[in-house]
file data.txt (compact mmCIF, C-alpha atoms)
# COMPACT_ATOMS: atom_id res chain seq x y z
CA MET P 1 -79.87 -61.66 -2.28
CA ALA P 2 -76.88 -63.22 -0.62
CA GLY P 3 -74.61 -61.80 -3.32
CA SER P 4 -75.86 -58.27 -2.73
CA LYS P 5 -75.17 -58.57 1.01
CA ILE P 6 -71.62 -59.73 0.32
CA PHE P 7 -71.12 -56.78 -2.04
CA LEU P 8 -72.38 -54.27 0.52
CA ARG P 9 -70.14 -55.76 3.24
CA GLN P 10 -67.09 -55.51 0.92
CA ALA P 11 -67.96 -51.93 -0.03
CA ARG P 12 -68.25 -51.00 3.67
CA CYS P 13 -64.83 -52.50 4.39
CA LEU P 14 -63.27 -50.70 1.45
CA LYS P 15 -64.75 -47.40 2.65
CA MET P 16 -63.31 -47.86 6.14
CA ALA P 17 -59.91 -48.82 4.69
CA SER P 18 -59.86 -45.77 2.41
CA SER P 19 -60.64 -43.43 5.33
CA LEU P 20 -57.83 -44.94 7.40
CA TYR P 21 -55.40 -44.68 4.46
CA SER P 22 -56.32 -41.00 3.89
CA GLN P 23 -55.69 -40.19 7.58
CA ARG P 24 -52.33 -41.97 7.50
CA GLY P 25 -51.43 -40.20 4.27
CA CYS P 26 -52.17 -36.81 5.87
CA LEU P 27 -49.93 -37.72 8.80
CA LEU P 28 -47.15 -38.72 6.43
CA GLN P 29 -47.65 -35.53 4.46
CA ALA P 30 -47.53 -33.45 7.65
CA ARG P 31 -44.38 -35.22 8.70
CA ARG P 32 -42.92 -34.58 5.30
CA HIS P 33 -43.64 -30.85 5.60
CA LEU P 34 -42.18 -30.76 9.08
CA ALA P 35 -39.05 -32.44 7.78
CA LEU P 36 -38.63 -29.71 5.17
CA THR P 37 -38.73 -26.97 7.78
CA CYS P 38 -35.64 -28.36 9.50
CA PRO P 39 -32.24 -26.77 8.71
CA SER P 40 -30.50 -28.32 5.73
CA ALA P 41 -27.09 -28.30 7.44
CA ALA P 42 -26.14 -29.46 10.88
CA LYS P 43 -24.33 -27.27 13.37
CA ILE P 44 -20.56 -27.44 13.41
CA ALA P 45 -19.38 -29.45 16.34
CA PRO P 46 -17.09 -27.59 18.72
CA PRO P 47 -13.42 -28.48 18.41
CA ARG P 48 -12.25 -31.22 20.67
CA ARG P 49 -9.97 -30.29 23.48
CA PRO P 50 -6.59 -31.97 23.17
CA ARG P 51 -5.98 -34.57 25.78
CA GLU P 52 -3.45 -33.74 28.38
CA LYS P 53 -0.37 -35.89 28.15
CA VAL P 54 0.36 -37.35 31.54
CA GLU P 55 3.89 -38.51 32.17
CA ILE P 56 4.38 -40.64 35.25
CA PRO P 57 8.02 -41.04 36.20
CA GLY P 58 9.15 -44.64 36.34
CA LEU P 59 6.44 -45.96 34.03
CA GLU P 60 7.04 -46.79 30.40
CA VAL P 61 4.40 -45.78 27.90
CA ILE P 62 3.20 -48.71 25.80
CA THR P 63 2.46 -47.65 22.22
CA TYR P 64 1.29 -49.36 19.07
CA GLY P 65 4.38 -48.26 17.14
CA GLU P 66 5.84 -51.76 16.84
CA ARG P 67 2.58 -53.19 15.52
CA MET P 68 2.45 -50.61 12.70
CA HIS P 69 -1.30 -50.06 13.07
CA TYR P 70 -3.75 -48.47 15.46
CA VAL P 71 -4.64 -50.54 18.52
CA PRO P 72 -7.34 -49.31 20.92
CA GLY P 73 -6.08 -48.76 24.41
CA LEU P 74 -2.46 -48.21 23.43
CA ALA P 75 -0.82 -44.79 23.30
CA LYS P 76 0.06 -43.02 20.07
CA PRO P 77 3.80 -43.23 19.36
CA VAL P 78 5.87 -40.05 19.20
CA TYR P 79 8.69 -40.06 16.66
CA PRO P 80 11.61 -37.61 16.52
CA PRO P 81 11.45 -35.03 13.67
CA TRP P 82 12.92 -36.24 10.41
CA GLU P 83 16.08 -34.37 9.56
CA LYS P 84 16.91 -34.47 5.87
CA ASP P 85 20.48 -34.66 4.66
CA TYR P 86 19.82 -31.88 2.12
CA LYS P 87 18.31 -28.37 2.24
CA ASP P 88 14.62 -28.32 1.36
CA PRO P 89 13.33 -24.72 1.16
CA GLY P 90 9.75 -25.95 1.31
CA TYR P 91 10.24 -27.28 4.84
CA TYR P 92 12.73 -24.72 6.15
CA LYS P 93 12.21 -23.62 9.73
CA SER P 94 13.88 -20.41 10.76
CA PRO P 95 15.77 -20.38 14.03
CA PRO P 96 14.54 -18.24 16.92
CA ALA P 97 15.14 -14.51 16.49
CA GLN P 98 17.61 -14.46 19.38
CA GLU P 99 19.84 -16.96 17.55
CA MET P 100 20.01 -15.03 14.26
CA ALA P 101 23.22 -13.26 13.30
CA LEU P 102 21.51 -9.87 12.81
CA TYR P 103 19.64 -9.92 16.10
CA LYS P 104 20.10 -6.81 18.26
CA GLN P 105 18.75 -5.85 21.64
CA LYS P 106 17.87 -2.33 20.52
CA PRO P 107 14.77 -2.37 18.28
CA CYS P 108 14.45 -0.58 14.96
CA TYR P 109 11.23 1.05 13.74
CA VAL P 110 10.65 0.43 10.04
CA PHE P 111 8.46 2.36 7.61
CA ASN P 112 7.54 0.40 4.45
CA GLN P 113 5.18 0.84 1.52
CA ARG P 114 2.21 -0.59 3.45
CA THR P 115 2.63 1.41 6.66
CA SER P 116 -0.37 3.53 7.63
CA MET P 117 0.73 6.09 10.21
CA LEU P 118 -1.96 7.32 12.55
CA GLU P 119 -0.99 11.01 12.48
CA GLY P 120 -0.09 11.07 8.79
CA VAL P 121 1.95 14.05 7.60
CA ARG P 122 2.39 15.47 11.12
CA GLN P 123 4.02 12.25 12.29
CA ALA P 124 6.24 12.08 9.19
CA ALA P 125 7.32 15.69 9.76
CA TRP P 126 8.40 14.92 13.32
CA LEU P 127 10.25 11.74 12.34
CA THR P 128 12.20 13.54 9.60
CA LYS P 129 12.66 16.87 11.46
CA THR P 130 10.94 18.80 8.70
CA GLN P 131 9.17 22.13 8.33
CA VAL P 132 5.95 21.67 6.34
CA ASN P 133 4.79 24.43 3.96
CA SER P 134 1.45 24.47 2.15
CA GLY P 135 1.49 24.91 -1.62
CA LEU P 136 4.33 24.57 -4.08
CA PRO P 137 7.43 26.80 -3.99
CA PRO P 138 6.90 30.21 -5.67
CA HIS P 139 9.24 29.60 -8.60
CA LEU P 140 7.45 26.33 -9.44
CA LEU P 141 4.09 28.10 -9.36
CA THR P 142 5.48 30.75 -11.71
CA LEU P 143 6.76 27.99 -13.99
CA ALA P 144 3.36 26.26 -13.93
CA GLU P 145 1.54 29.47 -14.95
CA SER P 146 3.86 29.91 -17.93
CA LEU P 147 3.15 26.38 -19.25
CA GLU P 148 -0.40 26.99 -20.38
CA SER P 149 0.39 26.15 -24.03
CA ARG P 150 3.84 24.57 -23.78
CA VAL P 151 2.63 21.38 -25.50
CA GLU P 152 0.93 21.73 -28.87
CA ASP P 153 -2.87 21.40 -28.45
CA GLN P 154 -2.18 20.83 -24.78
CA SER P 155 -5.74 20.92 -23.43
CA GLU P 156 -7.11 18.62 -26.12
CA ARG P 157 -4.27 16.10 -25.80
CA VAL P 158 -4.56 15.92 -22.01
CA GLN P 159 -8.30 15.31 -22.28
CA ASN P 160 -7.65 12.59 -24.85
CA ALA P 161 -5.19 11.00 -22.42
CA ILE P 162 -7.91 10.97 -19.74
CA LYS P 163 -10.48 9.53 -22.15
CA HIS P 164 -8.04 6.85 -23.25
CA ALA P 165 -7.50 5.77 -19.65
CA ARG P 166 -11.18 5.91 -18.62
CA PHE P 167 -13.06 4.89 -21.79
CA TRP P 168 -10.95 3.64 -24.68
CA ASP P 169 -8.59 1.24 -22.89
CA THR P 170 -11.30 -1.11 -21.61
CA THR P 171 -14.43 -2.91 -22.75
CA GLU P 172 -15.99 -3.00 -19.27
CA SER P 173 -18.86 -0.79 -18.21
CA ARG P 174 -16.86 0.36 -15.16
CA PRO P 175 -13.08 0.16 -15.66
CA ASP P 176 -10.81 -1.00 -12.89
CA LYS P 177 -9.38 1.86 -10.84
CA GLU P 178 -5.91 0.37 -10.60
CA LYS P 179 -5.75 -0.03 -14.36
CA TYR P 180 -6.96 3.41 -15.41
CA SER P 181 -4.85 5.18 -12.76
CA LYS P 182 -1.66 3.61 -14.10
CA THR P 183 -2.69 4.19 -17.71
CA LEU P 184 -3.40 7.86 -17.03
CA LEU P 185 -0.05 8.37 -15.30
CA LEU P 186 1.86 6.77 -18.17
CA ASN P 187 -0.14 8.82 -20.69
CA LEU P 188 0.72 12.08 -18.93
CA LEU P 189 4.40 11.11 -18.69
CA HIS P 190 4.43 10.26 -22.39
CA LEU P 191 2.84 13.63 -23.16
CA CYS P 192 5.53 15.39 -21.10
CA ALA P 193 8.24 13.38 -22.85
CA THR P 194 7.27 14.94 -26.20
CA LEU P 195 9.18 18.05 -25.03
CA GLN P 196 12.53 16.24 -24.92
CA SER P 197 13.58 17.74 -28.22
CA SER P 198 13.40 21.25 -26.75
CA SER P 199 15.83 20.56 -23.90
CA SER P 200 18.89 18.33 -23.71
CA ALA P 201 18.55 17.98 -19.91
CA GLN P 202 15.32 15.99 -20.35
CA ARG P 203 17.19 13.40 -22.39
CA ARG P 204 19.46 12.75 -19.40
CA ARG P 205 16.69 11.03 -17.44
CA ILE P 206 15.29 7.53 -17.19
CA LEU P 207 12.39 5.80 -15.44
CA ALA P 208 13.06 2.99 -12.95
CA GLU P 209 10.55 0.65 -11.36
CA ASN P 210 10.57 -1.96 -8.58
CA TYR P 211 13.81 -0.82 -6.99
CA SER P 212 14.44 -1.32 -3.27
CA LEU P 213 15.36 1.58 -0.99
CA ALA P 214 16.96 1.53 2.47
CA ALA P 215 17.79 4.54 4.63
CA THR P 216 18.65 4.58 8.34
CA TRP P 217 18.73 7.46 10.82
CA ARG P 218 18.47 8.15 14.55
CA ARG P 219 15.87 10.38 16.15
CA GLY P 220 16.36 10.86 19.85
CA GLU P 221 17.02 7.47 21.42
CA ASP P 222 15.28 5.48 18.67
CA LEU P 223 16.53 4.02 15.40
CA PHE P 224 14.42 4.34 12.24
CA GLN P 225 14.51 2.91 8.74
CA VAL P 226 12.68 3.54 5.49
CA ARG P 227 12.87 0.56 3.19
CA GLY P 228 10.92 -1.23 0.51
CA GLN P 229 9.73 -0.66 -3.03
CA ASN P 230 8.11 2.67 -3.72
CA GLY P 231 6.54 3.03 -7.12
CA LEU P 232 7.98 4.61 -10.26
CA LEU P 233 11.11 6.73 -10.02
CA GLN P 234 12.47 9.20 -12.55
CA CYS P 235 16.25 9.25 -12.24
CA SER P 236 18.54 11.89 -13.68
CA MET P 237 22.21 12.41 -14.42
CA ASP P 238 21.91 15.89 -12.91
CA ALA P 239 20.71 16.75 -9.42
CA LEU P 240 17.72 19.02 -8.91
CA PRO P 241 18.59 22.60 -7.89
CA GLN P 242 17.91 23.58 -4.32
CA VAL P 243 14.55 25.23 -3.77
CA CYS P 244 15.45 27.69 -0.98
CA GLU P 245 18.31 30.07 -0.50
CA GLU P 246 20.68 29.88 2.46
CA LYS P 247 18.90 32.63 4.41
CA ASP P 248 15.61 30.71 4.20
CA ILE P 249 17.39 27.55 5.31
CA SER P 250 18.91 29.37 8.29
CA ALA P 251 15.47 30.69 9.24
CA THR P 252 14.25 27.13 9.87
CA VAL P 253 16.19 27.15 13.17
CA ASP P 254 13.33 29.11 14.76
CA HIS P 255 10.70 26.66 13.57
CA VAL P 256 9.14 24.53 16.35
CA LEU P 257 8.20 21.00 15.37
CA GLU P 258 4.58 20.06 16.01
CA THR P 259 4.06 17.27 18.51
CA PHE P 260 1.07 14.99 19.03
CA TYR P 261 1.44 13.98 22.66
CA PRO P 262 0.29 11.58 24.18
CA VAL P 263 0.50 9.60 20.91
CA SER P 264 3.92 7.99 20.49
CA PRO P 265 5.88 9.02 17.35
CA THR P 266 6.63 5.33 16.71
CA ILE P 267 2.98 4.29 16.53
CA ASP P 268 2.06 2.06 13.54
CA LEU P 269 5.74 1.54 12.61
CA GLN P 270 7.02 -2.03 12.39
CA LYS P 271 9.18 -2.86 15.39
CA VAL P 272 11.94 -5.37 14.57
CA ASN P 273 14.99 -6.70 16.37
CA VAL P 274 16.52 -8.52 13.40
CA TYR P 275 17.83 -5.86 11.03
CA LYS P 276 20.90 -4.42 9.39
CA GLU P 277 21.81 -0.74 9.47
CA MET P 278 22.25 0.09 5.81
CA ASN P 279 21.80 2.95 3.37
CA CYS P 280 21.12 1.95 -0.23
CA THR P 281 19.58 3.95 -3.07
CA GLY P 282 18.62 0.72 -4.85
CA PHE P 283 21.27 1.12 -7.57
CA ARG P 284 24.96 0.38 -7.95
CA ASP P 285 27.57 3.05 -7.33
CA ASP P 286 28.44 3.29 -11.05
CA TYR P 287 24.83 3.83 -12.10
CA LEU P 288 24.64 6.53 -14.79
CA TYR P 289 21.49 8.13 -13.34
CA PRO P 290 22.27 8.39 -9.61
CA HIS P 291 20.03 11.36 -8.69
CA ALA P 292 16.37 10.85 -7.78
CA HIS P 293 14.26 13.44 -9.60
CA THR P 294 10.55 12.60 -9.07
CA LEU P 295 8.73 9.70 -7.46
CA TYR P 296 5.32 8.71 -8.82
CA PHE P 297 2.85 6.94 -6.53
CA LEU P 298 -0.52 5.35 -7.21
CA GLU P 299 -3.11 4.63 -4.54
CA SER P 300 -3.54 0.94 -3.82
CA THR P 301 -6.97 -0.55 -4.58
CA ASP P 302 -6.48 -3.53 -2.29
CA PRO P 303 -8.92 -2.94 0.61
CA GLN P 304 -6.50 -4.59 3.03
CA TRP P 305 -3.69 -2.11 2.28
CA LYS P 306 -5.63 0.95 1.10
CA LEU P 307 -4.40 4.18 2.70
CA LYS P 308 -6.42 7.23 3.61
CA PRO P 309 -5.44 10.51 1.87
CA ASP P 310 -3.35 11.82 4.77
CA GLN P 311 -1.58 8.47 5.20
CA PHE P 312 -0.97 8.33 1.45
CA ARG P 313 0.67 11.76 1.55
CA ALA P 314 2.75 10.61 4.52
CA LYS P 315 3.96 7.66 2.43
CA MET P 316 5.04 10.04 -0.35
CA PHE P 317 6.75 12.21 2.28
CA MET P 318 8.70 9.37 3.88
CA PHE P 319 9.94 7.84 0.64
CA ALA P 320 10.99 11.21 -0.78
CA PHE P 321 12.94 11.75 2.46
CA GLY P 322 14.39 8.24 2.26
CA ASN P 323 15.70 8.75 -1.28
CA ALA P 324 17.27 12.08 -0.32
CA LEU P 325 18.83 10.68 2.86
CA ALA P 326 20.29 7.63 1.12
CA ARG P 327 21.84 9.90 -1.51
CA ALA P 328 23.24 12.22 1.18
CA HIS P 329 24.87 9.28 2.96
CA LYS P 330 26.50 8.24 -0.33
CA LEU P 331 27.87 11.75 -0.90
CA TYR P 332 28.77 12.94 2.60
CA GLY P 333 29.02 9.74 4.67
CA THR P 334 26.87 8.46 7.50
CA GLU P 335 28.15 10.94 10.09
CA PRO P 336 25.46 13.54 10.96
CA GLN P 337 25.88 16.82 9.08
CA SER P 338 24.29 19.90 10.66
CA LEU P 339 24.14 21.63 7.24
CA LEU P 340 24.74 19.91 3.93
CA GLN P 341 27.15 21.57 1.55
CA ARG P 342 24.52 21.27 -1.15
CA PRO P 343 20.93 20.46 -0.11
CA ILE P 344 19.30 17.52 -1.89
CA THR P 345 15.89 18.00 -3.49
CA VAL P 346 13.46 15.20 -4.36
CA GLN P 347 9.93 15.55 -5.76
CA ALA P 348 6.91 13.26 -5.47
CA VAL P 349 3.59 13.02 -7.30
CA GLY P 350 0.68 10.88 -6.10
CA SER P 351 -2.56 10.09 -7.91
CA ASN P 352 -5.69 7.97 -7.69
CA GLY P 353 -6.65 8.56 -11.33
CA ARG P 354 -8.47 11.86 -10.67
CA ILE P 355 -6.94 13.71 -7.70
CA PHE P 356 -3.22 14.55 -7.60
CA GLN P 357 -0.84 15.27 -4.71
CA PHE P 358 2.31 17.31 -5.41
CA LEU P 359 5.25 17.31 -2.99
CA VAL P 360 8.72 18.86 -3.02
CA PHE P 361 11.22 17.85 -0.32
CA GLN P 362 14.59 19.47 0.41
CA LEU P 363 17.08 17.75 2.71
CA ASN P 364 19.14 20.41 4.49
CA THR P 365 20.60 18.37 7.35
CA THR P 366 21.26 14.78 8.36
CA ASP P 367 21.60 15.67 12.06
CA LEU P 368 18.15 14.44 13.06
CA ASP P 369 18.86 13.44 16.65
CA GLN P 370 17.57 16.57 18.43
CA ASP P 371 14.75 19.01 17.71
CA GLU P 372 17.04 22.02 17.75
CA GLY P 373 19.02 23.30 14.78
CA ILE P 374 18.34 23.52 11.07
CA LYS P 375 15.26 21.69 9.80
CA ASN P 376 14.50 20.04 6.51
CA GLN P 377 11.78 21.57 4.33
CA MET P 378 8.78 20.18 2.50
CA TRP P 379 6.14 21.82 0.27
CA LEU P 380 2.82 20.05 -0.23
CA ASP P 381 0.01 20.90 -2.64
CA ALA P 382 -2.77 18.45 -1.74
CA ASP P 383 -5.99 17.32 -3.46
CA VAL P 384 -5.58 18.95 -6.87
CA GLU P 385 -8.38 17.70 -9.14
CA LEU P 386 -7.67 16.98 -12.80
CA TYR P 387 -11.36 16.59 -13.71
CA ASP P 388 -14.73 16.21 -12.01
CA PHE P 389 -16.40 13.24 -13.69
CA ALA P 390 -15.70 10.60 -16.31
CA LYS P 391 -18.91 8.65 -16.83
CA VAL P 392 -19.51 5.84 -19.29
CA ARG P 393 -23.25 6.32 -18.80
CA PRO P 394 -25.00 9.51 -17.68
CA LEU P 395 -26.06 9.87 -14.06
CA VAL P 396 -29.84 10.30 -14.01
CA LYS P 397 -31.86 11.19 -10.90
CA LYS P 398 -35.61 11.88 -10.94
CA LYS P 399 -35.60 11.77 -14.73
CA GLN P 400 -33.00 14.54 -14.89
CA VAL P 401 -29.44 14.17 -16.14
CA LYS P 402 -27.21 15.24 -13.26
CA VAL P 403 -23.88 14.27 -14.86
CA PRO P 404 -23.62 13.76 -18.62
CA ALA P 405 -21.76 10.85 -20.15
CA GLY P 406 -18.11 11.40 -21.04
CA LEU P 407 -15.50 13.69 -19.53
CA SER P 408 -16.70 16.78 -17.67
CA GLY P 409 -15.10 19.42 -15.48
CA TYR P 410 -11.55 19.27 -16.89
CA LYS P 411 -9.13 21.50 -14.94
CA ALA P 412 -5.94 22.48 -16.75
CA GLU P 413 -4.17 23.71 -13.61
CA ALA P 414 -3.44 20.17 -12.41
CA PHE P 415 -1.57 19.21 -15.56
CA ARG P 416 0.38 22.49 -15.54
CA LYS P 417 1.66 21.65 -12.05
CA PHE P 418 2.42 18.10 -13.18
CA LEU P 419 4.39 19.47 -16.13
CA ALA P 420 6.18 22.04 -13.95
CA LEU P 421 7.55 19.32 -11.67
CA TYR P 422 8.55 17.30 -14.73
CA LEU P 423 10.44 20.27 -16.27
CA HIS P 424 11.99 21.37 -12.96
CA GLY P 425 15.74 21.50 -13.50
CA ALA P 426 15.43 21.40 -17.29
CA ALA P 427 13.17 24.34 -18.20

call {"tool": "encode", "arguments": {"input": "data.txt", "output": "C-alpha cells"}}
result
Amino acid sequence: MAGSKIFLRQARCLKMASSLYSQRGCLLQARRHLALTCPSAAKIAPPRRPREKVEIPGLEVITYGERMHYVPGLAKPVYPPWEKDYKDPGYYKSPPAQEMALYKQKPCYVFNQRTSMLEGVRQAAWLTKTQVNSGLPPHLLTLAESLESRVEDQSERVQNAIKHARFWDTTESRPDKEKYSKTLLLNLLHLCATLQSSSSAQRRRILAENYSLAATWRRGEDLFQVRGQNGLLQCSMDALPQVCEEKDISATVDHVLETFYPVSPTIDLQKVNVYKEMNCTGFRDDYLYPHAHTLYFLESTDPQWKLKPDQFRAKMFMFAFGNALARAHKLYGTEPQSLLQRPITVQAVGSNGRIFQFLVFQLNTTDLDQDEGIKNQMWLDADVELYDFAKVRPLVKKKQVKVPAGLSGYKAEAFRKFLALYLHGAA
C-alpha cells in the first residue's frame, strides 16, 4: 500500500516536470524561430569622420614614434614622404598641370575614339565647316549598280560570309556581337580582295590597324584636335580622285552652316590644357602607302563606351576629316589654304554586323576659322541593312514561326555599295 502511494507521488511529480519542460521547450523553439527572422548581415557602419588636427603654436606634439609601438594617449607620428634614389614607375606622381612643360593657358578641345557628341553629325559638320549631303555621290551609285555580278557567284558567297560570321564561327547559341561583326567585315574585305587580279591599282593598297592619328585646327577663337586610334585603315599608294568638280566646290560658298544654339559647339569634347599642337598621319614620311583610302569602323559593345547611331556616324565623320586634314598639312603646310590645289578624299564604312553606314568626305579647304568661304563636303548613306535576321533557332510566338532559323532577308544592295567604295579609284 505504501509502495503504491510512493509510485503515484513520483508519477505526479514526473507529470508536472514534463509539462514544465514542454512549456520551456516551446519558448526556446519560439525564440529560435524569432532568431531566424533577423537579418543575416549587420548594417554597414557609417564611415568615421577624420579627427581634426589641432596645432597649438608653442606646444610640441608628443608622439609614440620613438617607442616604435602604439601607446594610448600619444599622438600618431607623421613622417616625411620617402624619396627613392631611383625612378619607380609604380609610384610615380605627376607634377601639377601648371608645372608641366606642355601646359598652356588656352585650352584645346579634343575629339577621341570614345567621344559621344550631343548633336552628332550636325555638331561635326559645324566643327569641320562641312556641307552634308544625303546619299552617296552619283558616280559611286552608278558604279554600285554595275557591280551586281562583279564577283563570281556574288550573292551566294556574300550570304556564306554572313553565315560564317553568325553561325559557323562559334559554338555558342548566341554569338558575341563584337566577334561576329569583326568576322563579317574581314570576310567581306577578303571577298573584295579576290578582284585584285583584275586591276593593278588594287594591289597598291594595304590594311593598317592600331595607328595613332593627330590633327589640329582652329575654329573661331577655339583650338581643336582629333587624335587617337580609329579602327582599320586601308592605305594606298595612289590618292582617291576628287568627287566634285570645281564648279560644285565653288557653289559651297552659298551654303549656310547649321547651328544648334544655345548648345555650345564644344559640348562633350575633352577640354585639356596640357597638349602639343601636332599633325601626324600615324606613319613615317617615307611610308610607301601614304594616302588614306577607306576607314572601317565597328560599333563598340562595351556598354560604358557604346555610341548611339548618330554619335557613331559623327565619329566616322571626324576621323575621316582628321585623316584628310593631317594629309593636307603634310602636303601644303599648316598655313590655312582657302582652296586646296587638289582636294583630298577619304571614305569611311561603319558596321554593327548587320547595318552599314557609308561616308565619303572631301576636304576642299583648311581655312576653317570663319563660316564664310568655301566649305568641305561630305556624303552620308546611313542605315543600310545587309540582311534582316540571322537566327540560330526560329522565333516562335503563339505556336507560329515568325522568323525561321538561318539567314533571312538578304539585301544585295548593301554589299554593292560596300564593293563600290572598295573599288573607288581602281575600277

call {"tool": "residues_around", "arguments": {"input": "data.txt", "residues": "region 231-244 of chain P", "least_positions_apart": "6", "cutoff": "6 Å", "atoms": "all atoms listed in the file", "output": "PDB file with C-alpha atoms, keeping the file's coordinate frame"}}
result
ATOM      1  CA  ARG P 204      19.460  12.750 -19.400  1.00  0.00           C
ATOM      2  CA  ARG P 205      16.690  11.030 -17.440  1.00  0.00           C
ATOM      3  CA  ILE P 206      15.290   7.530 -17.190  1.00  0.00           C
ATOM      4  CA  LEU P 207      12.390   5.800 -15.440  1.00  0.00           C
ATOM      5  CA  ALA P 208      13.060   2.990 -12.950  1.00  0.00           C
ATOM      6  CA  GLU P 209      10.550   0.650 -11.360  1.00  0.00           C
ATOM      7  CA  TYR P 289      21.490   8.130 -13.340  1.00  0.00           C
ATOM      8  CA  HIS P 291      20.030  11.360  -8.690  1.00  0.00           C
ATOM      9  CA  ALA P 292      16.370  10.850  -7.780  1.00  0.00           C
ATOM     10  CA  HIS P 293      14.260  13.440  -9.600  1.00  0.00           C
ATOM     11  CA  THR P 294      10.550  12.600  -9.070  1.00  0.00           C
ATOM     12  CA  LEU P 295       8.730   9.700  -7.460  1.00  0.00           C
ATOM     13  CA  TYR P 296       5.320   8.710  -8.820  1.00  0.00           C
ATOM     14  CA  PHE P 297       2.850   6.940  -6.530  1.00  0.00           C
ATOM     15  CA  THR P 345      15.890  18.000  -3.490  1.00  0.00           C
ATOM     16  CA  GLY P 425      15.740  21.500 -13.500  1.00  0.00           C
TER      17      GLY P 425
END

call {"tool": "closest_residue", "arguments": {"input": "data.txt", "among": "P:Thr301, P:Ser116, P:Thr130, P:Gln159", "to": "Gly373 (chain P)", "atoms": "all atoms listed in the file"}}
result
P:Thr130

call {"tool": "closest_atom_pairs", "arguments": {"input": "data.txt", "of": "region 344-385 of chain P", "to": "region 314-333 of chain P", "cutoff": "10 Å", "atoms": "all atoms listed in the file", "output": "JSON lines"}}
result
{"residue": "P:Ile344", "atom": "CA", "partner": "P:Ala324", "partner_atom": "CA", "distance": 6.0}
{"residue": "P:Thr345", "atom": "CA", "partner": "P:Ala324", "partner_atom": "CA", "distance": 6.9}
{"residue": "P:Val346", "atom": "CA", "partner": "P:Ala320", "partner_atom": "CA", "distance": 5.9}
{"residue": "P:Gln347", "atom": "CA", "partner": "P:Ala320", "partner_atom": "CA", "distance": 6.7}
{"residue": "P:Ala348", "atom": "CA", "partner": "P:Met316", "partner_atom": "CA", "distance": 6.3}
{"residue": "P:Val349", "atom": "CA", "partner": "P:Met316", "partner_atom": "CA", "distance": 7.7}
{"residue": "P:Gly350", "atom": "CA", "partner": "P:Met316", "partner_atom": "CA", "distance": 7.3}
{"residue": "P:Gln357", "atom": "CA", "partner": "P:Met316", "partner_atom": "CA", "distance": 9.0}
{"residue": "P:Phe358", "atom": "CA", "partner": "P:Met316", "partner_atom": "CA", "distance": 9.3}
{"residue": "P:Leu359", "atom": "CA", "partner": "P:Phe317", "partner_atom": "CA", "distance": 7.5}
{"residue": "P:Val360", "atom": "CA", "partner": "P:Ala320", "partner_atom": "CA", "distance": 8.3}
{"residue": "P:Phe361", "atom": "CA", "partner": "P:Ala320", "partner_atom": "CA", "distance": 6.7}
{"residue": "P:Gln362", "atom": "CA", "partner": "P:Ala324", "partner_atom": "CA", "distance": 7.9}
{"residue": "P:Leu363", "atom": "CA", "partner": "P:Ala324", "partner_atom": "CA", "distance": 6.4}
{"residue": "P:Asn364", "atom": "CA", "partner": "P:Ala328", "partner_atom": "CA", "distance": 9.7}
{"residue": "P:Thr365", "atom": "CA", "partner": "P:Leu325", "partner_atom": "CA", "distance": 9.1}
{"residue": "P:Thr366", "atom": "CA", "partner": "P:Leu325", "partner_atom": "CA", "distance": 7.3}
{"residue": "P:Asn376", "atom": "CA", "partner": "P:Phe321", "partner_atom": "CA", "distance": 9.4}
{"residue": "P:Met378", "atom": "CA", "partner": "P:Phe317", "partner_atom": "CA", "distance": 8.2}
{"residue": "P:Trp379", "atom": "CA", "partner": "P:Phe317", "partner_atom": "CA", "distance": 9.8}
{"residue": "P:Leu380", "atom": "CA", "partner": "P:Phe317", "partner_atom": "CA", "distance": 9.1}

call {"tool": "write_last_selection", "arguments": {"input": "data.txt", "atoms": "C-alpha atoms", "output": "mmCIF file, in the frame of the given file"}}
result
data_model
loop_
_atom_site.group_PDB
_atom_site.id
_atom_site.type_symbol
_atom_site.label_atom_id
_atom_site.label_comp_id
_atom_site.auth_asym_id
_atom_site.auth_seq_id
_atom_site.Cartn_x
_atom_site.Cartn_y
_atom_site.Cartn_z
ATOM 1 C CA ILE P 344 19.300 17.520 -1.890
ATOM 2 C CA THR P 345 15.890 18.000 -3.490
ATOM 3 C CA VAL P 346 13.460 15.200 -4.360
ATOM 4 C CA GLN P 347 9.930 15.550 -5.760
ATOM 5 C CA ALA P 348 6.910 13.260 -5.470
ATOM 6 C CA VAL P 349 3.590 13.020 -7.300
ATOM 7 C CA GLY P 350 0.680 10.880 -6.100
ATOM 8 C CA GLN P 357 -0.840 15.270 -4.710
ATOM 9 C CA PHE P 358 2.310 17.310 -5.410
ATOM 10 C CA LEU P 359 5.250 17.310 -2.990
ATOM 11 C CA VAL P 360 8.720 18.860 -3.020
ATOM 12 C CA PHE P 361 11.220 17.850 -0.320
ATOM 13 C CA GLN P 362 14.590 19.470 0.410
ATOM 14 C CA LEU P 363 17.080 17.750 2.710
ATOM 15 C CA ASN P 364 19.140 20.410 4.490
ATOM 16 C CA THR P 365 20.600 18.370 7.350
ATOM 17 C CA THR P 366 21.260 14.780 8.360
ATOM 18 C CA ASN P 376 14.500 20.040 6.510
ATOM 19 C CA MET P 378 8.780 20.180 2.500
ATOM 20 C CA TRP P 379 6.140 21.820 0.270
ATOM 21 C CA LEU P 380 2.820 20.050 -0.230
#

call {"tool": "residues_around", "arguments": {"input": "data.txt", "residues": "Leu118 (chain P)", "least_positions_apart": "4", "cutoff": "12 Å", "atoms": "all atoms listed in the file", "output": "short mmCIF file (atom, residue, chain, number, x, y, z; two decimals) with C-alpha atoms, in the coordinates of the input"}}
result
data_model
loop_
_atom_site.label_atom_id
_atom_site.label_comp_id
_atom_site.auth_asym_id
_atom_site.auth_seq_id
_atom_site.Cartn_x
_atom_site.Cartn_y
_atom_site.Cartn_z
CA ARG P 122 2.39 15.47 11.12
CA GLN P 123 4.02 12.25 12.29
CA ALA P 124 6.24 12.08 9.19
CA PHE P 260 1.07 14.99 19.03
CA VAL P 263 0.50 9.60 20.91
CA SER P 264 3.92 7.99 20.49
CA PRO P 265 5.88 9.02 17.35
CA THR P 266 6.63 5.33 16.71
CA ILE P 267 2.98 4.29 16.53
CA ASP P 268 2.06 2.06 13.54
CA LEU P 269 5.74 1.54 12.61
CA LEU P 307 -4.40 4.18 2.70
CA LYS P 308 -6.42 7.23 3.61
CA PRO P 309 -5.44 10.51 1.87
CA ASP P 310 -3.35 11.82 4.77
CA GLN P 311 -1.58 8.47 5.20
CA PHE P 312 -0.97 8.33 1.45
CA ALA P 314 2.75 10.61 4.52
CA LYS P 315 3.96 7.66 2.43
#
